[in-house]
Structure formats: C-alpha cells, structure tokens
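Here is my_file.txt, consisting of compact mmCIF, C-alpha atoms and all ligand atoms:
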# COMPACT_ATOMS: atom_id res chain seq x y z
CA MET A 1 34.58 -77.79 -14.56
CA VAL A 2 32.58 -76.12 -17.31
CA THR A 3 32.59 -78.19 -20.46
CA HIS A 4 28.93 -78.43 -21.07
CA PRO A 5 26.48 -75.69 -22.10
CA ALA A 6 23.99 -76.66 -19.41
CA ASP A 7 26.58 -75.83 -16.75
CA VAL A 8 27.15 -72.33 -18.00
CA GLN A 9 25.61 -69.44 -16.14
CA LEU A 10 23.38 -67.32 -18.33
CA SER A 11 25.02 -63.96 -18.84
CA SER A 12 24.50 -60.86 -20.91
CA ALA A 13 23.89 -61.48 -24.59
CA LEU A 14 26.55 -61.20 -27.26
CA ASP A 15 26.52 -58.01 -29.27
CA VAL A 16 26.61 -59.79 -32.62
CA SER A 17 26.52 -56.65 -34.74
CA ALA A 18 29.60 -55.32 -32.91
CA ILE A 19 31.30 -58.70 -33.32
CA ARG A 20 30.51 -58.81 -37.04
CA LYS A 21 32.32 -55.49 -37.49
CA GLU A 22 35.50 -57.23 -36.33
CA PHE A 23 35.25 -59.69 -39.24
CA PRO A 24 35.83 -57.67 -42.42
CA ILE A 25 35.23 -60.69 -44.68
CA LEU A 26 31.58 -60.85 -43.62
CA ASP A 27 30.91 -57.38 -44.97
CA GLN A 28 30.42 -58.37 -48.58
CA ARG A 29 27.77 -59.51 -51.02
CA VAL A 30 27.97 -62.91 -52.66
CA ASN A 31 25.96 -63.53 -55.81
CA GLY A 32 24.07 -60.31 -55.17
CA HIS A 33 23.07 -61.22 -51.59
CA ARG A 34 24.37 -60.43 -48.12
CA LEU A 35 26.99 -63.10 -47.27
CA VAL A 36 25.59 -65.52 -44.69
CA TYR A 37 28.52 -67.65 -43.58
CA LEU A 38 27.31 -70.94 -42.10
CA ASP A 39 30.41 -73.09 -42.55
CA SER A 40 32.39 -72.35 -39.40
CA ALA A 41 32.69 -76.04 -38.47
CA ALA A 42 34.88 -76.38 -41.57
CA SER A 43 36.78 -73.18 -40.81
CA SER A 44 35.87 -70.04 -38.93
CA GLN A 45 36.46 -66.53 -40.21
CA LYS A 46 39.20 -64.35 -38.67
CA PRO A 47 38.76 -61.15 -36.72
CA ARG A 48 40.80 -58.08 -37.62
CA ALA A 49 42.88 -58.51 -34.43
CA VAL A 50 44.20 -61.86 -35.68
CA VAL A 51 45.03 -60.59 -39.16
CA ASP A 52 46.68 -57.48 -37.65
CA SER A 53 48.76 -59.53 -35.21
CA ILE A 54 50.24 -61.53 -38.08
CA ARG A 55 50.94 -58.45 -40.17
CA ARG A 56 52.49 -56.66 -37.17
CA TYR A 57 54.68 -59.65 -36.43
CA TYR A 58 56.05 -59.79 -39.99
CA GLU A 59 56.47 -56.02 -40.13
CA THR A 60 58.27 -55.66 -36.80
CA SER A 61 59.51 -58.88 -35.22
CA HIS A 62 60.13 -61.73 -37.64
CA ALA A 63 63.24 -63.87 -37.29
CA ASN A 64 63.73 -67.57 -36.56
CA VAL A 65 63.01 -68.68 -33.02
CA HIS A 66 65.12 -70.31 -30.32
CA ARG A 67 68.39 -69.97 -32.20
CA GLY A 68 69.43 -66.35 -32.54
CA LEU A 69 71.08 -64.07 -30.06
CA HIS A 70 69.96 -60.98 -31.91
CA THR A 71 67.06 -58.79 -30.90
CA LEU A 72 64.57 -59.84 -33.56
CA SER A 73 65.10 -63.54 -32.88
CA MET A 74 64.65 -62.99 -29.17
CA ARG A 75 61.51 -60.94 -29.85
CA ALA A 76 60.09 -63.67 -32.10
CA THR A 77 60.95 -66.35 -29.54
CA GLU A 78 59.25 -64.39 -26.77
CA ALA A 79 56.09 -63.96 -28.91
CA TYR A 80 56.11 -67.67 -29.81
CA GLU A 81 56.47 -68.79 -26.20
CA ALA A 82 53.92 -66.20 -25.04
CA ALA A 83 51.43 -67.82 -27.44
CA ARG A 84 52.18 -71.18 -25.82
CA ARG A 85 51.40 -69.72 -22.38
CA LYS A 86 48.14 -68.26 -23.72
CA VAL A 87 47.08 -71.65 -25.07
CA ALA A 88 48.01 -73.29 -21.77
CA ASP A 89 45.85 -70.81 -19.84
CA PHE A 90 42.99 -71.10 -22.32
CA ILE A 91 42.76 -74.87 -22.01
CA GLY A 92 43.69 -75.07 -18.33
CA ALA A 93 46.92 -77.02 -18.87
CA ALA A 94 49.04 -77.68 -15.80
CA ASP A 95 52.12 -76.26 -17.53
CA PRO A 96 52.97 -74.68 -20.91
CA CYS A 97 55.39 -77.57 -21.53
CA GLU A 98 52.29 -79.70 -22.15
CA VAL A 99 51.36 -77.60 -25.18
CA VAL A 100 52.94 -78.83 -28.42
CA PHE A 101 52.49 -76.69 -31.51
CA VAL A 102 51.56 -78.70 -34.59
CA ARG A 103 49.90 -77.96 -37.91
CA SER A 104 46.37 -79.00 -36.96
CA THR A 105 44.24 -81.54 -35.13
CA THR A 106 45.09 -83.94 -37.95
CA GLU A 107 48.80 -83.65 -37.22
CA ALA A 108 48.26 -83.81 -33.46
CA ILE A 109 46.44 -87.15 -33.73
CA ASN A 110 48.99 -88.51 -36.18
CA LEU A 111 51.74 -87.49 -33.76
CA VAL A 112 50.20 -89.51 -30.94
CA ALA A 113 49.48 -92.47 -33.21
CA ALA A 114 53.02 -92.49 -34.61
CA SER A 115 54.93 -91.74 -31.39
CA TRP A 116 52.91 -93.07 -28.44
CA GLY A 117 51.22 -95.77 -30.53
CA PRO A 118 53.88 -98.36 -31.41
CA VAL A 119 55.39 -98.20 -27.92
CA ASN A 120 52.09 -98.72 -26.14
CA VAL A 121 49.85 -100.66 -28.52
CA GLY A 122 50.79 -104.17 -29.56
CA GLU A 123 49.41 -107.16 -31.37
CA GLY A 124 45.89 -108.05 -30.21
CA ASP A 125 45.48 -104.78 -28.31
CA GLU A 126 42.42 -102.66 -28.93
CA ILE A 127 41.70 -99.03 -29.71
CA LEU A 128 38.17 -97.87 -29.06
CA LEU A 129 36.70 -95.20 -31.35
CA SER A 130 33.18 -94.00 -32.01
CA VAL A 131 31.15 -93.75 -35.20
CA LEU A 132 30.98 -89.99 -34.59
CA GLU A 133 34.67 -89.57 -35.40
CA HIS A 134 36.07 -87.38 -38.13
CA HIS A 135 38.35 -89.29 -40.51
CA SER A 136 41.35 -87.67 -38.86
CA ASN A 137 40.47 -89.52 -35.65
CA ILE A 138 40.04 -92.81 -37.52
CA VAL A 139 42.66 -93.18 -40.25
CA PRO A 140 45.75 -92.58 -38.03
CA TRP A 141 44.50 -95.39 -35.75
CA GLN A 142 43.90 -97.66 -38.74
CA LEU A 143 47.50 -97.05 -39.83
CA LEU A 144 48.73 -97.84 -36.31
CA ALA A 145 46.51 -100.93 -36.01
CA GLN A 146 47.73 -102.26 -39.35
CA ARG A 147 51.34 -101.63 -38.32
CA VAL A 148 51.21 -103.36 -34.93
CA GLY A 149 48.37 -105.85 -35.43
CA ALA A 150 45.88 -104.13 -33.12
CA LYS A 151 42.08 -104.07 -33.43
CA LEU A 152 39.74 -101.12 -33.79
CA LYS A 153 36.34 -101.16 -32.13
CA TYR A 154 33.54 -98.63 -32.49
CA VAL A 155 30.93 -97.29 -30.10
CA GLU A 156 27.61 -96.77 -31.90
CA ILE A 157 25.13 -93.89 -31.52
CA ASP A 158 21.51 -93.99 -30.48
CA GLY A 159 18.61 -92.67 -32.59
CA GLU A 160 19.37 -89.07 -31.58
CA GLY A 161 23.07 -89.25 -32.36
CA ARG A 162 24.41 -89.65 -28.81
CA LEU A 163 27.10 -92.18 -27.99
CA GLN A 164 25.79 -95.35 -26.35
CA LEU A 165 27.71 -95.14 -23.11
CA ASP A 166 26.58 -98.58 -21.92
CA GLN A 167 28.05 -100.06 -25.05
CA LEU A 168 31.24 -98.08 -24.53
CA ARG A 169 31.61 -99.62 -21.06
CA GLU A 170 30.97 -103.11 -22.48
CA LEU A 171 33.53 -102.66 -25.23
CA LEU A 172 36.29 -101.68 -22.81
CA THR A 173 38.49 -104.68 -22.03
CA GLU A 174 41.91 -105.22 -20.52
CA ARG A 175 43.22 -105.10 -24.11
CA THR A 176 41.91 -101.57 -24.67
CA LYS A 177 44.92 -99.25 -24.70
CA LEU A 178 43.26 -96.10 -25.94
CA VAL A 179 39.84 -94.53 -26.30
CA ALA A 180 39.85 -91.81 -28.96
CA VAL A 181 36.67 -89.72 -29.11
CA THR A 182 35.59 -86.36 -30.34
CA HIS A 183 34.54 -83.71 -27.83
CA VAL A 184 31.88 -82.37 -30.22
CA SER A 185 30.67 -84.11 -33.38
CA ASN A 186 31.29 -82.05 -36.51
CA GLY A 187 28.55 -84.01 -38.28
CA LEU A 188 25.75 -83.79 -35.72
CA GLY A 189 26.83 -81.29 -33.08
CA THR A 190 26.55 -83.92 -30.32
CA ILE A 191 28.53 -82.86 -27.23
CA ASN A 192 30.03 -85.99 -25.74
CA PRO A 193 30.14 -86.48 -21.95
CA VAL A 194 33.92 -86.62 -21.99
CA ARG A 195 34.42 -86.81 -18.23
CA GLU A 196 32.24 -89.92 -18.01
CA ILE A 197 34.08 -91.50 -20.92
CA VAL A 198 37.45 -90.67 -19.33
CA ASP A 199 36.42 -92.20 -16.01
CA ALA A 200 35.22 -95.42 -17.66
CA ALA A 201 38.35 -95.69 -19.81
CA HIS A 202 40.73 -95.02 -16.95
CA GLN A 203 38.96 -97.60 -14.81
CA ALA A 204 39.66 -100.12 -17.58
CA GLY A 205 43.30 -99.01 -17.73
CA ALA A 206 43.03 -97.22 -21.09
CA LEU A 207 44.21 -93.72 -21.95
CA VAL A 208 41.91 -91.18 -23.62
CA LEU A 209 42.57 -88.88 -26.55
CA VAL A 210 39.93 -86.22 -27.10
CA ASP A 211 39.64 -84.67 -30.55
CA GLY A 212 38.88 -81.09 -29.61
CA ALA A 213 38.72 -79.62 -33.11
CA GLN A 214 35.05 -78.74 -32.52
CA GLY A 215 35.33 -78.46 -28.73
CA ALA A 216 37.98 -75.76 -28.29
CA PRO A 217 36.21 -73.17 -30.50
CA HIS A 218 32.89 -73.48 -28.68
CA LEU A 219 33.31 -74.68 -25.08
CA PRO A 220 35.27 -73.44 -22.06
CA LEU A 221 38.06 -75.92 -21.37
CA ASP A 222 39.88 -77.14 -18.31
CA MET A 223 42.26 -80.00 -18.97
CA GLN A 224 42.55 -80.78 -15.25
CA ALA A 225 38.81 -81.19 -14.85
CA LEU A 226 38.30 -82.99 -18.16
CA GLY A 227 40.79 -85.61 -17.07
CA ALA A 228 41.81 -86.80 -20.56
CA ASP A 229 45.38 -87.74 -21.46
CA PHE A 230 45.61 -85.98 -24.84
CA TYR A 231 43.56 -83.16 -26.34
CA THR A 232 43.88 -81.68 -29.81
CA LEU A 233 42.75 -78.45 -31.44
CA SER A 234 42.98 -76.56 -34.74
CA GLY A 235 43.54 -72.80 -34.69
CA HIS A 236 41.60 -72.15 -37.88
CA LYS A 237 38.30 -73.32 -36.36
CA MET A 238 38.59 -70.90 -33.43
CA CYS A 239 39.20 -67.56 -35.16
CA GLY A 240 42.92 -68.28 -35.63
CA PRO A 241 44.97 -68.85 -38.76
CA THR A 242 45.25 -72.05 -40.78
CA GLY A 243 48.35 -74.20 -40.37
CA ILE A 244 48.54 -74.04 -36.58
CA GLY A 245 47.14 -76.49 -34.06
CA VAL A 246 47.90 -77.89 -30.66
CA LEU A 247 48.52 -81.25 -29.11
CA TRP A 248 48.06 -81.08 -25.36
CA GLY A 249 49.29 -84.09 -23.42
CA LYS A 250 50.03 -84.83 -19.78
CA ALA A 251 53.66 -83.90 -19.20
CA GLU A 252 54.68 -87.35 -17.97
CA LEU A 253 53.22 -88.98 -21.11
CA LEU A 254 54.87 -86.53 -23.49
CA GLU A 255 58.20 -86.97 -21.71
CA GLU A 256 58.09 -90.72 -22.26
CA MET A 257 57.12 -90.52 -25.92
CA PRO A 258 59.80 -90.76 -28.61
CA PRO A 259 60.17 -87.88 -31.08
CA TYR A 260 57.75 -87.77 -34.00
CA GLU A 261 59.96 -86.00 -36.52
CA GLY A 262 63.70 -85.45 -36.41
CA GLY A 263 65.48 -82.25 -37.36
CA GLY A 264 66.71 -78.96 -36.03
CA GLU A 265 65.37 -77.45 -32.83
CA MET A 266 64.37 -80.76 -31.22
CA ILE A 267 67.87 -81.99 -30.36
CA GLU A 268 70.40 -81.40 -27.64
CA VAL A 269 73.48 -83.13 -29.05
CA VAL A 270 73.83 -84.74 -32.48
CA GLU A 271 76.55 -87.38 -32.88
CA ARG A 272 77.18 -89.20 -36.15
CA ASP A 273 75.06 -92.19 -35.18
CA ARG A 274 72.68 -90.90 -32.57
CA SER A 275 71.30 -87.81 -30.91
CA THR A 276 69.86 -86.70 -27.62
CA TYR A 277 66.62 -84.76 -27.58
CA LYS A 278 65.22 -81.75 -25.81
CA SER A 279 62.43 -82.25 -23.35
CA THR A 280 58.80 -81.67 -24.23
CA PRO A 281 57.41 -79.66 -25.99
CA HIS A 282 60.52 -78.84 -28.07
CA LYS A 283 61.23 -82.53 -28.67
CA PHE A 284 58.12 -82.58 -30.88
CA GLU A 285 58.71 -79.31 -32.72
CA ALA A 286 61.38 -80.18 -35.28
CA GLY A 287 62.40 -77.50 -37.76
CA THR A 288 61.25 -73.92 -38.13
CA PRO A 289 57.73 -73.76 -36.71
CA ASN A 290 54.74 -71.72 -37.88
CA ILE A 291 55.75 -68.70 -35.78
CA ALA A 292 53.22 -66.31 -37.32
CA GLY A 293 50.52 -68.94 -36.88
CA THR A 294 51.16 -69.26 -33.15
CA ILE A 295 51.03 -65.48 -32.77
CA GLY A 296 47.74 -65.40 -34.69
CA LEU A 297 46.39 -68.19 -32.50
CA GLY A 298 47.38 -66.22 -29.40
CA ALA A 299 45.48 -63.21 -30.77
CA ALA A 300 42.46 -65.43 -31.48
CA ILE A 301 42.52 -66.64 -27.88
CA ASP A 302 42.66 -63.04 -26.62
CA PHE A 303 39.69 -62.28 -28.86
CA LEU A 304 37.64 -65.24 -27.61
CA ASN A 305 38.51 -64.41 -24.00
CA ASP A 306 37.36 -60.83 -24.56
CA VAL A 307 34.06 -62.09 -25.97
CA GLY A 308 33.73 -64.53 -23.06
CA LEU A 309 33.33 -68.27 -23.55
CA ASP A 310 30.28 -68.41 -21.31
CA ARG A 311 28.51 -65.78 -23.40
CA LEU A 312 29.57 -67.58 -26.57
CA VAL A 313 28.08 -70.85 -25.32
CA HIS A 314 24.85 -69.13 -24.35
CA HIS A 315 24.61 -67.42 -27.74
CA GLU A 316 25.20 -70.63 -29.69
CA ARG A 317 22.66 -72.45 -27.60
CA GLU A 318 20.07 -69.79 -28.48
CA ILE A 319 20.93 -69.90 -32.17
CA ILE A 320 20.66 -73.68 -32.49
CA ALA A 321 17.40 -73.74 -30.50
CA TYR A 322 15.99 -71.08 -32.81
CA ALA A 323 17.21 -72.95 -35.91
CA LEU A 324 15.67 -76.22 -34.71
CA GLU A 325 12.37 -74.50 -34.10
CA ARG A 326 12.31 -72.54 -37.39
CA THR A 327 13.21 -75.52 -39.57
CA ARG A 328 10.44 -77.66 -38.07
CA ASP A 329 7.90 -75.90 -40.32
CA ILE A 330 9.78 -76.41 -43.58
CA PRO A 331 8.07 -79.22 -45.54
CA GLY A 332 10.36 -82.20 -46.12
CA PHE A 333 13.02 -80.97 -43.63
CA HIS A 334 14.66 -83.81 -41.75
CA GLY A 335 17.30 -82.85 -39.20
CA PHE A 336 19.89 -85.10 -37.57
CA GLY A 337 21.36 -84.81 -34.10
CA PRO A 338 20.21 -84.59 -30.49
CA ALA A 339 17.66 -82.14 -29.13
CA SER A 340 19.98 -81.05 -26.28
CA ASP A 341 23.68 -81.17 -25.35
CA ARG A 342 24.26 -79.95 -28.82
CA ALA A 343 26.61 -77.46 -30.43
CA ALA A 344 25.42 -75.06 -33.12
CA VAL A 345 25.60 -77.56 -35.98
CA LEU A 346 22.53 -78.31 -38.12
CA SER A 347 22.87 -81.33 -40.39
CA PHE A 348 19.83 -82.12 -42.48
CA GLU A 349 18.17 -83.50 -45.56
CA LEU A 350 15.51 -81.59 -47.43
CA SER A 351 13.02 -83.82 -49.19
CA GLU A 352 14.75 -85.76 -51.94
CA LEU A 353 17.10 -82.91 -52.83
CA HIS A 354 20.74 -83.81 -53.25
CA PRO A 355 22.82 -81.90 -50.68
CA HIS A 356 25.18 -80.66 -53.41
CA ASP A 357 22.29 -79.19 -55.43
CA LEU A 358 20.91 -77.60 -52.31
CA ALA A 359 24.28 -76.14 -51.28
CA GLN A 360 24.66 -74.63 -54.76
CA PHE A 361 21.21 -73.14 -54.57
CA LEU A 362 21.99 -71.68 -51.14
CA ASP A 363 25.24 -70.25 -52.48
CA SER A 364 23.25 -68.50 -55.22
CA ARG A 365 21.53 -66.73 -52.28
CA GLY A 366 24.86 -65.82 -50.63
CA ILE A 367 24.53 -68.58 -48.02
CA ALA A 368 27.65 -70.72 -47.43
CA VAL A 369 26.95 -74.22 -46.10
CA ARG A 370 28.77 -77.51 -46.44
CA ALA A 371 27.33 -80.53 -48.24
CA GLY A 372 28.77 -84.02 -48.31
CA HIS A 373 29.96 -86.61 -45.82
CA HIS A 374 31.87 -84.01 -43.73
CA CYS A 375 34.79 -86.48 -43.39
CA ASN A 376 32.36 -88.64 -41.40
CA GLN A 377 31.78 -91.63 -43.67
CA PRO A 378 31.21 -94.18 -40.87
CA LEU A 379 28.70 -91.76 -39.29
CA MET A 380 26.90 -91.24 -42.60
CA ARG A 381 26.58 -95.03 -42.94
CA SER A 382 25.15 -95.25 -39.43
CA LEU A 383 22.61 -92.59 -40.32
CA GLY A 384 21.77 -94.45 -43.54
CA VAL A 385 22.63 -91.52 -45.82
CA ASN A 386 25.43 -90.71 -48.24
CA ALA A 387 25.59 -87.06 -47.38
CA THR A 388 23.86 -84.25 -45.54
CA THR A 389 23.68 -80.50 -45.88
CA ARG A 390 25.24 -78.81 -42.87
CA ALA A 391 24.88 -75.29 -41.52
CA SER A 392 27.25 -74.48 -38.68
CA PHE A 393 27.03 -71.32 -36.63
CA TYR A 394 29.51 -69.25 -34.66
CA LEU A 395 29.71 -66.05 -32.66
CA TYR A 396 29.14 -63.80 -35.71
CA ASN A 397 25.87 -65.50 -36.71
CA ASP A 398 22.51 -64.30 -35.52
CA LYS A 399 18.83 -65.09 -35.94
CA ASP A 400 18.72 -63.11 -39.21
CA ASP A 401 21.16 -65.68 -40.60
CA VAL A 402 18.85 -68.50 -39.49
CA ASP A 403 15.91 -66.69 -41.10
CA ALA A 404 17.85 -66.24 -44.35
CA LEU A 405 18.65 -69.96 -44.37
CA CYS A 406 15.06 -70.99 -43.70
CA GLU A 407 13.66 -68.67 -46.34
CA ALA A 408 16.12 -69.99 -48.92
CA LEU A 409 15.33 -73.60 -47.97
CA SER A 410 11.63 -72.96 -48.50
CA ASP A 411 12.35 -71.26 -51.83
CA SER A 412 14.51 -74.18 -52.92
CA LEU A 413 11.46 -76.43 -52.79
CA ASP A 414 9.78 -74.24 -55.43
CA PHE A 415 12.98 -73.84 -57.41
CA PHE A 416 13.50 -77.60 -57.65
CA GLU A 417 9.74 -78.16 -58.02
CA VAL A 418 9.60 -80.51 -55.07
CA LYS A 419 6.09 -81.88 -54.59
CA PRO A 420 4.76 -81.42 -51.04
CA PRO A 421 4.81 -84.64 -48.99
CA PRO A 422 1.40 -86.38 -48.89
CA SER A 423 -0.64 -85.14 -45.95
CA PRO A 424 -1.28 -87.74 -43.25
CA PRO A 425 -4.62 -89.59 -43.50
CA SER A 426 -7.33 -87.78 -41.56
CA PRO A 427 -8.52 -89.64 -38.45
CA SER A 428 -11.78 -91.45 -39.14
N1 LIG B 501 38.19 -83.48 -35.94
C1 LIG B 501 37.01 -82.89 -36.07
C2 LIG B 501 35.92 -83.20 -35.09
C3 LIG B 501 36.81 -81.99 -37.11
O1 LIG B 501 35.62 -81.39 -37.23
C4 LIG B 501 37.85 -81.72 -38.02
C5 LIG B 501 37.65 -80.83 -39.22
C6 LIG B 501 39.08 -82.34 -37.81
C7 LIG B 501 39.21 -83.22 -36.77
C8 LIG B 501 40.26 -82.07 -38.67
O2 LIG B 501 40.71 -80.78 -38.45
P1 LIG B 501 41.94 -80.20 -39.26
O3 LIG B 501 42.05 -78.79 -38.80
O4 LIG B 501 43.12 -81.02 -38.93
O5 LIG B 501 41.56 -80.32 -40.72
N2 LIG B 501 36.33 -80.75 -39.64
C9 LIG B 501 35.88 -80.27 -40.82
C10 LIG B 501 34.53 -80.22 -41.12
O6 LIG B 501 33.62 -80.56 -40.38
N3 LIG B 501 34.41 -79.71 -42.36
O7 LIG B 501 35.62 -79.46 -42.85
C11 LIG B 501 36.55 -79.80 -41.89
Represent the structure from my file as structure tokens, please.
Ligand code: 7TS
Amino acid sequence: MVTHPADVQLSSALDVSAIRKEFPILDQRVNGHRLVYLDSAASSQKPRAVVDSIRRYYETSHANVHRGLHTLSMRATEAYEAARRKVADFIGAADPCEVVFVRSTTEAINLVAASWGPVNVGEGDEILLSVLEHHSNIVPWQLLAQRVGAKLKYVEIDGEGRLQLDQLRELLTERTKLVAVTHVSNGLGTINPVREIVDAAHQAGALVLVDGAQGAPHLPLDMQALGADFYTLSGHKMCGPTGIGVLWGKAELLEEMPPYEGGGEMIEVVERDRSTYKSTPHKFEAGTPNIAGTIGLGAAIDFLNDVGLDRLVHHEREIIAYALERTRDIPGFHGFGPASDRAAVLSFELSELHPHDLAQFLDSRGIAVRAGHHCNQPLMRSLGVNATTRASFYLYNDKDDVDALCEALSDSLDFFEVKPPPSPPSPS
C-alpha cells in the first residue's frame, strides 16, 4: 500500500514548467503581476486535456445515458461507464460497481448519512469524528444524530495538529457505529494514518468513512490496502470539473443500503405503490447524471496518471519543505500543522494581521490564497484562532511561487506598518 509520502520511492522530478503549459488559466497576469495560484485545496485548476474532453464530448457524443438504443446514446453510455472504470482503477476498487457518481464529497457523505445512517445508527449509538473534519464531514452526521438520537464524539489533535490516536482508541465503544475521518486535513495538511484508524475501528466493530477530498488529489490510493468501508472524493480538487464526485463503498455495503434519491434510471420496475431498484451503483444514480463531468474526471485521472502520483507526492513534499523553511525567517510568521506527514498546505498567521486583509494584499500581488475558517470551525476553535491564511500547493506550483509568497508576506509587514516583534532579552 502506498498512501503515505514517506513510503513513496523518490523518482525523477516533475517538469513543472511543462505542466504549467497544460493549464492555460495560469498564463495570465492578475493586478499587474504573474498569477500565483495557491488555492488548490479549495479547487484545483484544469488542464487543457480535461477542458478538451468535455468540449469533444458535447461536440461529438452527447445524448442521455443508459436509455437510448441510438448510436449517440450508446457512445455517451460507453464514455460514462469507461470513466467509472478509470475511477475504479485509480482508487484500487475491487469492482467498478463500487464507484457511485455523485456531485461532490459533500453529496457522497450526505448519501451515506441519509441511506446507511438510519438503518445502522440508532438511539444512544455513537459516531466518532475528529476536530480536523471539514464541515461536510460534520453536519451530515449532526443531522443523522438529531434524527435518530445518536451521539457525536470528537478525537482531538495534539500540539502539532495530529490526531491523538490513543484518545481515538479510548473513545471507541461498543456503541460506536461509524468513524468518519478525513484522509488529509484541508486546514493543516495533516495526513492521517488511515490504516491504523481503520484497524482500531474495525476491532471495535465500527465502520469507517474516509473523506478523501484532499487525499485523492495528492496521494496514490488503494482501497483494498486502506481497508476503509467508504471513501469520498471531489473531481474539482484533482484537476477535474466541478459538479462531479465519487462515493466508493464496499459492494456488500452498497447493496444493502436503501436508495438515496428516487427517480429515473435507478429503478427496475415501478408499480403504482412501490418499485424495485437496480443494483449498485445505478441504484444511487437517480435521474440524468453529470455525464460531461464524469468524462472530464476520467480525463483528469488520465492526466494525473501520466504525471505519476509518486512524482507528484515527491514534488509536493519538496514544495512544502521549502515553504516551511522559507517562512521561518519572516518576522511574526506563525505556521500551523505538523512538521512531517504533511500535504502541501500552509496555514498561518502573520503578526496581528487579519487573514482577510492579508489575502487582499496578496491578491494585489497576483497571489491567490484562501483566508477564513476553511469550513473547519471546530478545528479553528481547537487552534484558538478565528481564521488563518492558507496557501495550498499542487503540481503546477514551484519554488518561484513560494518565493513570490514569502516576498509578498514580508512586504505586507511594511505595507500594514507592523512593528517588529520585541527581540528576546539578551542572556546575562
Ligand atoms: N472535505 C474536505 C477535507 C475538504 O477539503 C472539502 C473542501 C470538502 C470535504 C468538501 O468538498 P466539496 O467538493 O464537496 O465542496 N474543501 C475546501 C477548502 O478547503 N476550501 O474550500 C473548499
């Protein structure tokens, strides 16, 4: 299994300038400066191959899927199902029938909460989350807990932003039905030891849902080796289009789950009072799906495979190490997150500057970062802050981008007339 940067063999470096040429959007100036896009954790940019695949599909092959006997419909259906096979290969699923197309990670988690939840979680049962979770891996479980009378518990982080695994083990009880954790924290970049979490949860009799919104774009995946029960991803964070995501689930679990939405495509026979349903994954794909989105996601997967996930991991590890080193010298810079086992996410405070002011200043230099709570309000509370500024890097970022960020951060101190922190008392 390779789900952790430390396991990845070092290999030849990424040719970032060649990669950048595949992303036309990056070739522009913003506010008079070269665009430095450091907001890929919110959404990545799209390579030409993805944009072209969508245009080609609409220009040559569009029709509705799974219902026509004419050539275009069969062509569209073949492209749609080919994308499912690509996703299955990319994540190491046992079978394409385990890959359900949804709108996003948000929809994937809501699907599990709404379908698997009420059947398997009852009054007094427990769902174990962590304070690292994005709101989309919290609120659906709150809705379920309120509906069935279950309890939510949270695993805390240590001073570096890693999950406290001892506490996780202590919090697991015979009432725990599900552990829902993120693979990679969007707020801190922490890479969670998912296999260990899965083993502990399974030993306690609980299932595990892994929010892979920040895992799938950055780490090689193998569902068999990871051992989780559900995994989710969003196409738009991994070079694919918006509006397409994936719920992966073990086939036997998906088969047992009731449908999430009713409508066309998901049925076998509809009587006046009741219906029978198709098997998974079609049971969960009611109505006309985002056909173009799946094709774009398939093209994004081809693109990432061509780049090579091992090289991507190596590159990101170099970029974050460089960023951590460079920012150390900036007066008043305070970074959050672990020193290792960390994705290329840099959350920080700079002196007393408000993250929104800082983000606007950086934008005036053509640098796109995110400022705010990053849909991580429980995490922000744990860190004792309201918000952070966050730079997140991807395969098209290089050390020049880190340098541009650091230079602009230093300049912001002058711009906002931040007084240097008092120097430490000299040893007597
Ligand atoms: N889970 C994690 C870990 C995320 O980072 C995000 C989005 C989601 C779930 C939700 O994904 P969606 O595609 O359904 O919206 N994260 C961010 C972010 O960090 N900044 O903007 C969106």
Between CA of Arg20 (chain A) and CA of Leu395 (chain A), measure the distance and give it in Å to one decimal.
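Here the two named atoms are 8.5 Å from each other.
For the pair CA of Thr176 (chain A) and CA of Ser136 (chain A), the interatomic distance is 19.9 Å.
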Near-ligand residues for ligand LIG 501 (chain B), threshold 9 Å, only C-alpha atoms and all ligand atoms, as JSON, numbers by chain:
{"A": [39, 40, 41, 42, 43, 103, 104, 105, 106, 107, 108, 109, 132, 133, 134, 135, 136, 137, 181, 182, 183, 184, 185, 186, 187, 211, 212, 213, 214, 215, 232, 233, 234, 235, 236, 237, 242, 243, 244, 245, 370, 373, 374, 375, 376, 390, 392]}
Once you count all atoms listed in the file, which residues end up no further than 7 Å from (25.6, -79.1, -43.2) in the file's frame, shown as a ChimeraX atom specification?
/A:346-348,369-371,388-392
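Shortest separation to Thr288 (chain A) among A:Leu35, A:Ile157, A:Ala94, A:Val102 occurs at residue A:Val102, atoms counted being all atoms listed in the file.
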Mind giving me the straight-line distance from CA of Ala204 (chain A) to CA of Lys153 (chain A) in Å, one decimal?
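Interatomic distance, CA of Ala204 (chain A) to CA of Lys153 (chain A): 15.0 Å.
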